[in-house]
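Here's the structure we're looking at; comments come further down.
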Amino acid sequence: MTALLEVDGLAKAYRGVHAVADVSFGVAAGAITGLIGPNGSGKSTTIDCISGFQRPDRGRVTLDGADITGLPPQRIARAGLVRTFQTVRVYDQFDLVANLLVAIEPFRTVGWHDALLRTGRYRAARAAAEARARELLDLVGLTRLAAAPASILSYGQKKLLALAAVLMSKPRLVVLDEPVAGVNPTRINEVAGILRKANEAGVSFLIIEHNVEFITGLCDRVVVFDQGRKLTEGPPAEVHGDPRVLDAYLGIDEHGDHVAEAS
Amino acid sequence: MQLTATYLLQLTVNGLMLGLLYALIAVGLALIFGVLEIINFAHGEFLMLGAFAMAFALPAFGLLYGPALAVSVAATAIAGLVLYELFLAKLGQGEFERSILITMGISMILLYGMQYLFTATPRMVDTSFGFAGVTIGAIRVTWSRIIGGAVAVAAFALLYAVLILTQFGRAMRAIAQNRDAALMVGIRPRTVARNAVMLATALCGLAGAVLAPIQLVQPAMGQAMIFKAFALVIIGGLGNMAGAFAAALALGMIESWIGGFFDIIWQEAAVFTLMIAVVLVKPDGLFQRGGMRVG
Amino acid sequence: MRQLPLAAAALALAALPPAFGSNYLTGVALSGVVFTVAAAALNLVYGYAGLLSFAQLGFWGIGGYCSALTVTRLGGSFWAGLLVAALVNAAVALAIGLPILRTRRHAFVIITLSFALLCALVARDWVSLTRGPLGIPGLPAPRLFGFGFTTATRFYYLVLAYAVLALGFLYALGGSRIGDTLRAIKQNEPLAQSQGVSPLPYKLAAFALSAVVTGVAGAIYVFYLKVVDPLFLDFYYMQTFLIVVIIGGAGSFWGVVLAGMVMVALPEALRFSNDLRMVIYGAILVVAMLALPRGAAGWFADRRLAALRAALE
């Protein structure tokens with residue numbers, strides 16, 4: 001399998017404290033890859049650097065061979081790498097369909113004057129985008145609330161909406177920051193099902209998550225971080241048998257003074 | 001030659017005095033920003049309140065400077081307490097725009113309310129010193145200016161001591177430097193914020209009281225200074241007290257020197273052009289926020 | 001038809017002068033319309049894009065001086081003056097907007113404020129150009145094909161025509177995908193970026209367009225006043241625009257238009273003293289920000305939301 005995303009020698013420090021020191025890993029095309037590690041191990045900083053929300057001090061990030069290091073988030077998103085956020089982000093004042101319509105992807109061919117004058121080209125793109133938005137709301141099971149403002153959604157429903165919003169951009173790689181944290185346990189399988197469906201349709205995933213069961217059931221491969229470095233990587237079963245991984249999780253209190261994760 | 005040196009010295013002395021006044025206002029603004037992350041748009045009106053308090057207190061104390069000054073500072077500190085408890089305490093984190101609009105409303109109420117009550121007519125304020133002063137060589141400085149300058153210097157010495165030595169000063173610096181860490185070690189943000197606002201408005205009231213016998217007292221007097229103070233706070237690095245202090249002193253000198261040799265427009269525009277230049281080169285101001293190490 | 005309320009509002013306003021039959025009241029309504037346009041332009045930057053810009057006051061003043069100087073110094077027509085005002089404002093807004101939109105939002109507010117104050121200083125102190133505090137008096141009534149806008153009623157219709165044009169444009173913009181994208185950026189900029197939206201071009205466009213709309217409003221208004229002087233850059237104007245936006249509800253087109261007409265015309269008609277009016281404005285601002293942070297339109301939206309929540313329970 002070819003690597004879709006490659007991270008090479010990534011480093012980022014805040015005020016002299018290394019949040020991430022020299023990590024390298026890859027995400028294979030078509031795969032679902034997990035990224036685990038104790039709090040403060042540099043996972044969030046890493047995906048912030050990958051998705052353009054932080055500028056790495058050193059290292060290189062490539063998406064499908066193209067260098068995306070240090071590009072602004074919107075350029076990276078348009079290149080096909082789209083992320084969600086740890087504290088769920090939605091547009092509270094927009095209804096669910098409008099939440100999904102913010103994505104640039106369906107409107108790529110539409111210019112400013114098209115949007116202002118509502119030309120035929122704009123109306124066609126808009127109709128297609130709305131149809132796609134309803135499909136995705138159906139996929140995540142929020143069709144019933146399509147016309148309601150996002151502010152009335154529960155936390156778990158917002159995570160589902162954010163997931164639909166990500167897929168709206170027709171991404172090649174989706175980076176999920178704790179997709180099931182705070183989600184009702186009965187719904188976790190539902191999320192896994194949605195991700196599998198999207199994966200079958202050709203979307204690759206990189207997932208940060210603490211829920212071991214979720215990661216083990218879903219991922220082809222797991223990368224483990226500790227103290228800003230890559231500890232190990234491999235298939236989930238192998239990684240969970242690794243005593244160093246266990247140590248890293250149990251030893252969390254001894255080095256709990258890492259930089260707070262930016263999200 | 002002799003004349004030029006004297007003239008320059010006179011300009012420098014005036015500039016120092018002006019810079020200290022700017023500093024009293026700007027340091028308070030920086031303090032409030034550092035602790036509450038808001039800009040107090042009504043800050044200039046506290047200067048005006050301090051000046052009016054001085055104007056009313058002086059005759060009541062038989063023109064004695066000291067007691068009148070104390071009353072003005074106490075009055076503006078209490079006004080600051082009211083400002084905090086009634087309005088600022090109700091603001092959540094990240095409500096910067098809302099804080100500006102609320103304090104702008106308060107500024108309007110105070111400014112135009114005073115204008116409605118006392119008219120816009122400037123009033124002279126008399127002290128027991130009258131117009132007496134000292135003459136050193138060719139330079140003449142009135143006692144109101146000398147004492148005003150001395151009071152400002154003393155206020156900064158006191159502020160420095162409070163920030164370094166007292167528990168509440170350390171708590172304020174801690175919050176200004178790293179809010180999250182400070183909250184984690186159990187500093188009570190409400191108390192600290194209230195103290196910071198009172199301290200800042202008291203400093204501003206002090207500036208107004210000092211200014212009262214030197215300038216004419218009128219409701220709009222705060223407006224003229226506050227916009228410059230905003231610019232100073234940006235130049236000094238938002239929330240950085242030492243930076244604001246340095247920027248204020250420098251501005252006082254620059255304005256005074258420019259005023260001595262160029263058109264008035266350059267004197268007035270200096271601070272804004274300077275600020276825009278600073279922001280273009282260093283968007284976060286000349287002094288970084290974390291670098292506010294007073295001690 | 002979506003344009004129906006706009007057309008109805010324009011017709012109702014057009015009927016005002018004959019109904020008043022008084023130059024004074026027509027003048028009040030005229031000011032109300034001009035301020036409403038300026039407030040609607042501020043609503044584009046603050047209400048939609050979330051940028052609390054005090055630069056509006058500077059653009060208002062630049063517009064006023066540009067049109068006045070075009071007529072008095074360059075011998076151009078009033079219409080040429082409007083064009084100059086629009087072009088100069090667009091150029092200035094793009095030039096200053098690009099660097100300052102990159103700063104933190106705290107600094108943005110202060111820098112736009114300083115820009116407005118710098119404009120006021122230039123108006124007062126660049127005496128050879130602006131005649132300083134004396135101002136530029138005696139601005140002639142605009143003419144179009146031999147028709148002179150000489151009376152308050154005639155000028156009112158000129159202002160109304162511009163208002164329909166400007167508000168129609170802002171309405172179309174706000175309701176378009178561009179307006180939606182601006183509101184998305186305001187609500188959650190990182191999220192919009194993660195969806196491929198580049199915030200800067202949108203913000204810059206909003207900043208520049210609102211500068212043009214405000215500047216032309218100022219350019220027209222000085223010809224009604226027949227004079228432009230540094231008082232035209234008084235902070236009072238900015239406060240009035242802001243209060244209209246806050247009361248109407250930042251981000252709500254109709255809220256701001258209605259608030260504009262009511263807020264400006266009401267105290268004027270009740271003839272408060274200027275100081276007392278500003279005290280009342282200040283009190284309204286404080287109360288509104290404490291009790292209704294999202295204005296009247298936001299209050300109604302919240303009520304609807306509560307009803308919806310109750311229905312879903």
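In the structure tokens, each chain is lettered A, B, ... as it comes, each chain's residues begin at 1, and ligands are numbered from 1 in order of appearance.
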
Within 9 Å of chain C, which residues of chain B show up when using only C-alpha atoms, listed as a VMD selection string? chain B and resid 37 to 39 87 90 to 91 96 to 99 101 to 116 227 to 228 230 to 231 234 238 263 to 265 268 to 269 272 to 273 275 to 276 279 to 280 283 to 284

Excluding same-chain residues fewer than 2 positions from range 255-261 of chain C, what lies within 7 Å of it counting only C-alpha atoms, as a list in words? Gly32, Val33, Phe35, Thr36, Ala40, Val244, Val245, Ile247, Gly248, Gly249, Ser252, Phe253, Met263, Val264, Ala265, Ala296 and Ala297 of chain C

Specify as a PyMOL selection string all residues of chain A found within 6 Å of chain C, counting only C-alpha atoms. chain A and resi 73-74+77-78+103-104+115-116

Could you pull the residues within 12 Å of Leu13 in chain C, counting only C-alpha atoms, minus those fewer than 4 positions along the same chain, as a list in words? Leu6, Ala7, Ala8, Ala9, Pro17, Pro18, Ala19, Phe20, Thr26, Ala29, Leu30, Gly32, Val33, Thr153, Tyr156, Tyr157, Val159, Leu160, Ala161, Ala163, Val164, Val257, Leu258 and Met261 of chain C

Write the selection just made, keeping N, CA and C atoms, as a compact mmCIF listing (two decimals), in the first residue's frame?
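In the end it all went to selection-v5.txt:
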```
# COMPACT_ATOMS: atom_id res chain seq x y z
N LEU C 6 -38.57 44.84 1.01
CA LEU C 6 -37.69 45.96 0.71
C LEU C 6 -38.44 47.01 -0.11
N ALA C 7 -39.18 46.55 -1.12
CA ALA C 7 -39.93 47.47 -1.96
C ALA C 7 -41.01 48.18 -1.14
N ALA C 8 -41.67 47.43 -0.27
CA ALA C 8 -42.73 48.02 0.55
C ALA C 8 -42.15 49.09 1.47
N ALA C 9 -40.99 48.80 2.07
CA ALA C 9 -40.36 49.76 2.97
C ALA C 9 -39.98 51.02 2.21
N PRO C 17 -42.33 62.51 3.10
CA PRO C 17 -42.29 63.98 3.02
C PRO C 17 -43.65 64.60 2.77
N PRO C 18 -44.44 64.08 1.79
CA PRO C 18 -45.75 64.70 1.61
C PRO C 18 -46.59 64.56 2.89
N ALA C 19 -46.44 63.44 3.58
CA ALA C 19 -47.22 63.24 4.80
C ALA C 19 -46.79 64.23 5.88
N PHE C 20 -45.49 64.49 5.95
CA PHE C 20 -44.99 65.44 6.96
C PHE C 20 -45.39 66.86 6.60
N THR C 26 -38.88 66.37 7.42
CA THR C 26 -38.28 65.70 6.27
C THR C 26 -36.78 65.56 6.48
N ALA C 29 -36.10 62.74 8.87
CA ALA C 29 -36.25 61.45 8.20
C ALA C 29 -35.05 61.19 7.29
N LEU C 30 -34.59 62.27 6.63
CA LEU C 30 -33.43 62.15 5.74
C LEU C 30 -32.19 61.68 6.51
N GLY C 32 -32.22 60.10 9.25
CA GLY C 32 -32.50 58.72 9.66
C GLY C 32 -32.12 57.74 8.56
N VAL C 33 -32.47 58.07 7.33
CA VAL C 33 -32.18 57.17 6.21
C VAL C 33 -30.67 57.06 6.01
N THR C 153 -37.14 68.17 0.52
CA THR C 153 -37.91 67.04 -0.02
C THR C 153 -37.19 66.43 -1.22
N TYR C 156 -34.28 64.57 -0.10
CA TYR C 156 -34.73 63.34 0.56
C TYR C 156 -34.86 62.21 -0.45
N TYR C 157 -35.43 62.51 -1.61
CA TYR C 157 -35.60 61.46 -2.61
C TYR C 157 -34.26 61.00 -3.18
N VAL C 159 -31.49 60.91 -1.43
CA VAL C 159 -30.97 60.04 -0.38
C VAL C 159 -31.67 58.69 -0.40
N LEU C 160 -32.98 58.74 -0.59
CA LEU C 160 -33.77 57.50 -0.59
C LEU C 160 -33.33 56.59 -1.74
N ALA C 161 -33.06 57.21 -2.90
CA ALA C 161 -32.63 56.41 -4.05
C ALA C 161 -31.32 55.69 -3.71
N ALA C 163 -30.26 54.98 -0.73
CA ALA C 163 -30.52 53.99 0.32
C ALA C 163 -31.07 52.71 -0.27
N VAL C 164 -31.99 52.84 -1.23
CA VAL C 164 -32.56 51.64 -1.85
C VAL C 164 -31.46 50.85 -2.55
N VAL C 257 -32.22 47.86 9.99
CA VAL C 257 -32.92 48.90 9.22
C VAL C 257 -34.02 49.52 10.06
N LEU C 258 -34.81 48.69 10.74
CA LEU C 258 -35.90 49.23 11.57
C LEU C 258 -35.33 50.05 12.72
N MET C 261 -34.21 53.59 11.64
CA MET C 261 -35.25 54.60 11.48
C MET C 261 -35.79 55.05 12.83
```

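Distances to Cys66 in chain C were evaluated for C:Ile220, C:Ala10, C:Met238, C:Ala166 using only C-alpha atoms, and the minimum falls at C:Ile220.
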
Quick one: residues within 10 Å of Asp67 in chain A, only C-alpha atoms counted, chain neighbours fewer than 5 positions away excluded, as a PyMOL selection string? chain A and resi 5-6+60-62+76

Prev. selection, N, CA, C and O atoms, output as a PDB file, in the first residue's frame:
```pdb
ATOM      1  N   LEU A   5      -0.574   9.828   3.625  1.00  0.00           N
ATOM      2  CA  LEU A   5       0.007  10.906   4.426  1.00  0.00           C
ATOM      3  C   LEU A   5       1.349  10.441   4.957  1.00  0.00           C
ATOM      4  O   LEU A   5       1.461   9.318   5.461  1.00  0.00           O
ATOM      5  N   GLU A   6       2.347  11.299   4.827  1.00  0.00           N
ATOM      6  CA  GLU A   6       3.621  10.975   5.440  1.00  0.00           C
ATOM      7  C   GLU A   6       4.093  12.118   6.319  1.00  0.00           C
ATOM      8  O   GLU A   6       4.118  13.260   5.883  1.00  0.00           O
ATOM      9  N   ARG A  60       8.489  17.536   7.901  1.00  0.00           N
ATOM     10  CA  ARG A  60       7.826  17.638   6.619  1.00  0.00           C
ATOM     11  C   ARG A  60       6.547  16.824   6.660  1.00  0.00           C
ATOM     12  O   ARG A  60       6.509  15.731   7.210  1.00  0.00           O
ATOM     13  N   VAL A  61       5.486  17.380   6.111  1.00  0.00           N
ATOM     14  CA  VAL A  61       4.233  16.642   5.994  1.00  0.00           C
ATOM     15  C   VAL A  61       3.872  16.583   4.521  1.00  0.00           C
ATOM     16  O   VAL A  61       3.832  17.626   3.852  1.00  0.00           O
ATOM     17  N   THR A  62       3.645  15.380   3.994  1.00  0.00           N
ATOM     18  CA  THR A  62       3.238  15.284   2.587  1.00  0.00           C
ATOM     19  C   THR A  62       1.926  14.534   2.492  1.00  0.00           C
ATOM     20  O   THR A  62       1.675  13.583   3.231  1.00  0.00           O
ATOM     21  N   ILE A  76      -4.864  23.172   3.019  1.00  0.00           N
ATOM     22  CA  ILE A  76      -4.728  21.746   3.297  1.00  0.00           C
ATOM     23  C   ILE A  76      -6.076  21.043   3.143  1.00  0.00           C
ATOM     24  O   ILE A  76      -6.169  19.954   2.579  1.00  0.00           O
TER      25      ILE A  76
END
```

DSSP says helix (DSSP H, G or I) for which residues of range 1-187 of chain A? Put them as a ChimeraX atom specification? /A:43-50,73-78,96-101,105-107,112-117,120-139,143-145,150-152,155-168,185-187

Range 28-269 of chain B: residues DSSP assigns to strand (DSSP E or B), reported as a ChimeraX atom specification: /B:123,133-136,139-142,217

Residues near Ser24 in chain A, cut-off 6 Å, only C-alpha atoms, skip fewer than 4 positions along chain, as a ChimeraX atom specification: /A:7-9

Leu96 in chain A: which residues within 10 Å, counting only C-alpha atoms, same-chain residues fewer than 6 positions away excluded, as a PyMOL selection string? chain A and resi 90+133-134+137+142-143+145-151+153+158+161-162+164-165

Could you save the residues just selected, with N, CA, C and O atoms, as a short mmCIF file (atom, residue, chain, number, x, y, z; two decimals), in the first residue's frame?
```cif
data_model
loop_
_atom_site.label_atom_id
_atom_site.label_comp_id
_atom_site.auth_asym_id
_atom_site.auth_seq_id
_atom_site.Cartn_x
_atom_site.Cartn_y
_atom_site.Cartn_z
N VAL A 90 -19.37 23.29 15.79
CA VAL A 90 -20.41 23.40 14.77
C VAL A 90 -20.84 24.87 14.74
O VAL A 90 -20.45 25.65 15.61
N ALA A 133 -25.85 17.15 1.16
CA ALA A 133 -25.98 17.42 2.60
C ALA A 133 -27.06 16.53 3.20
O ALA A 133 -26.89 15.95 4.27
N ARG A 134 -28.18 16.39 2.50
CA ARG A 134 -29.27 15.56 3.04
C ARG A 134 -28.87 14.09 3.09
O ARG A 134 -29.19 13.37 4.05
N LEU A 137 -26.66 13.78 6.13
CA LEU A 137 -27.45 13.84 7.37
C LEU A 137 -28.17 12.51 7.58
O LEU A 137 -28.31 12.04 8.71
N LEU A 142 -29.41 12.22 11.26
CA LEU A 142 -29.90 13.49 11.79
C LEU A 142 -30.95 14.12 10.86
O LEU A 142 -31.30 15.29 11.02
N THR A 143 -31.45 13.36 9.93
CA THR A 143 -32.40 13.91 8.95
C THR A 143 -33.58 14.62 9.61
O THR A 143 -34.01 15.68 9.17
N LEU A 145 -33.77 16.34 12.12
CA LEU A 145 -33.49 17.68 12.67
C LEU A 145 -32.88 18.62 11.61
O LEU A 145 -32.38 19.69 11.96
N ALA A 146 -32.94 18.23 10.34
CA ALA A 146 -32.22 18.97 9.29
C ALA A 146 -32.47 20.48 9.32
O ALA A 146 -31.56 21.27 9.05
N ALA A 147 -33.68 20.89 9.67
CA ALA A 147 -34.01 22.32 9.59
C ALA A 147 -33.85 23.02 10.94
O ALA A 147 -34.10 24.22 11.05
N ALA A 148 -33.40 22.30 11.97
CA ALA A 148 -33.26 22.91 13.30
C ALA A 148 -31.87 23.53 13.45
O ALA A 148 -30.91 23.07 12.82
N PRO A 149 -31.76 24.60 14.26
CA PRO A 149 -30.43 25.15 14.49
C PRO A 149 -29.55 24.17 15.26
O PRO A 149 -30.04 23.43 16.12
N ALA A 150 -28.26 24.19 14.96
CA ALA A 150 -27.36 23.20 15.56
C ALA A 150 -27.27 23.36 17.06
O ALA A 150 -26.87 22.42 17.77
N SER A 151 -27.64 24.54 17.58
CA SER A 151 -27.49 24.75 19.03
C SER A 151 -28.38 23.82 19.84
O SER A 151 -28.11 23.60 21.02
N LEU A 153 -28.74 20.66 19.35
CA LEU A 153 -28.24 19.28 19.34
C LEU A 153 -27.56 18.95 20.66
O LEU A 153 -26.99 19.81 21.32
N LYS A 158 -23.86 16.65 17.98
CA LYS A 158 -22.95 17.62 17.35
C LYS A 158 -21.75 16.91 16.75
O LYS A 158 -21.26 17.28 15.69
N LEU A 161 -22.82 15.54 13.55
CA LEU A 161 -22.94 16.62 12.56
C LEU A 161 -21.56 17.01 12.04
O LEU A 161 -21.36 17.21 10.84
N ALA A 162 -20.60 17.10 12.96
CA ALA A 162 -19.23 17.46 12.56
C ALA A 162 -18.66 16.41 11.61
O ALA A 162 -17.96 16.74 10.65
N ALA A 164 -20.46 14.53 9.54
CA ALA A 164 -21.10 14.75 8.25
C ALA A 164 -20.47 15.95 7.54
O ALA A 164 -20.23 15.92 6.33
N ALA A 165 -20.17 17.01 8.31
CA ALA A 165 -19.60 18.21 7.72
C ALA A 165 -18.24 17.92 7.09
O ALA A 165 -17.91 18.43 6.01
#
```
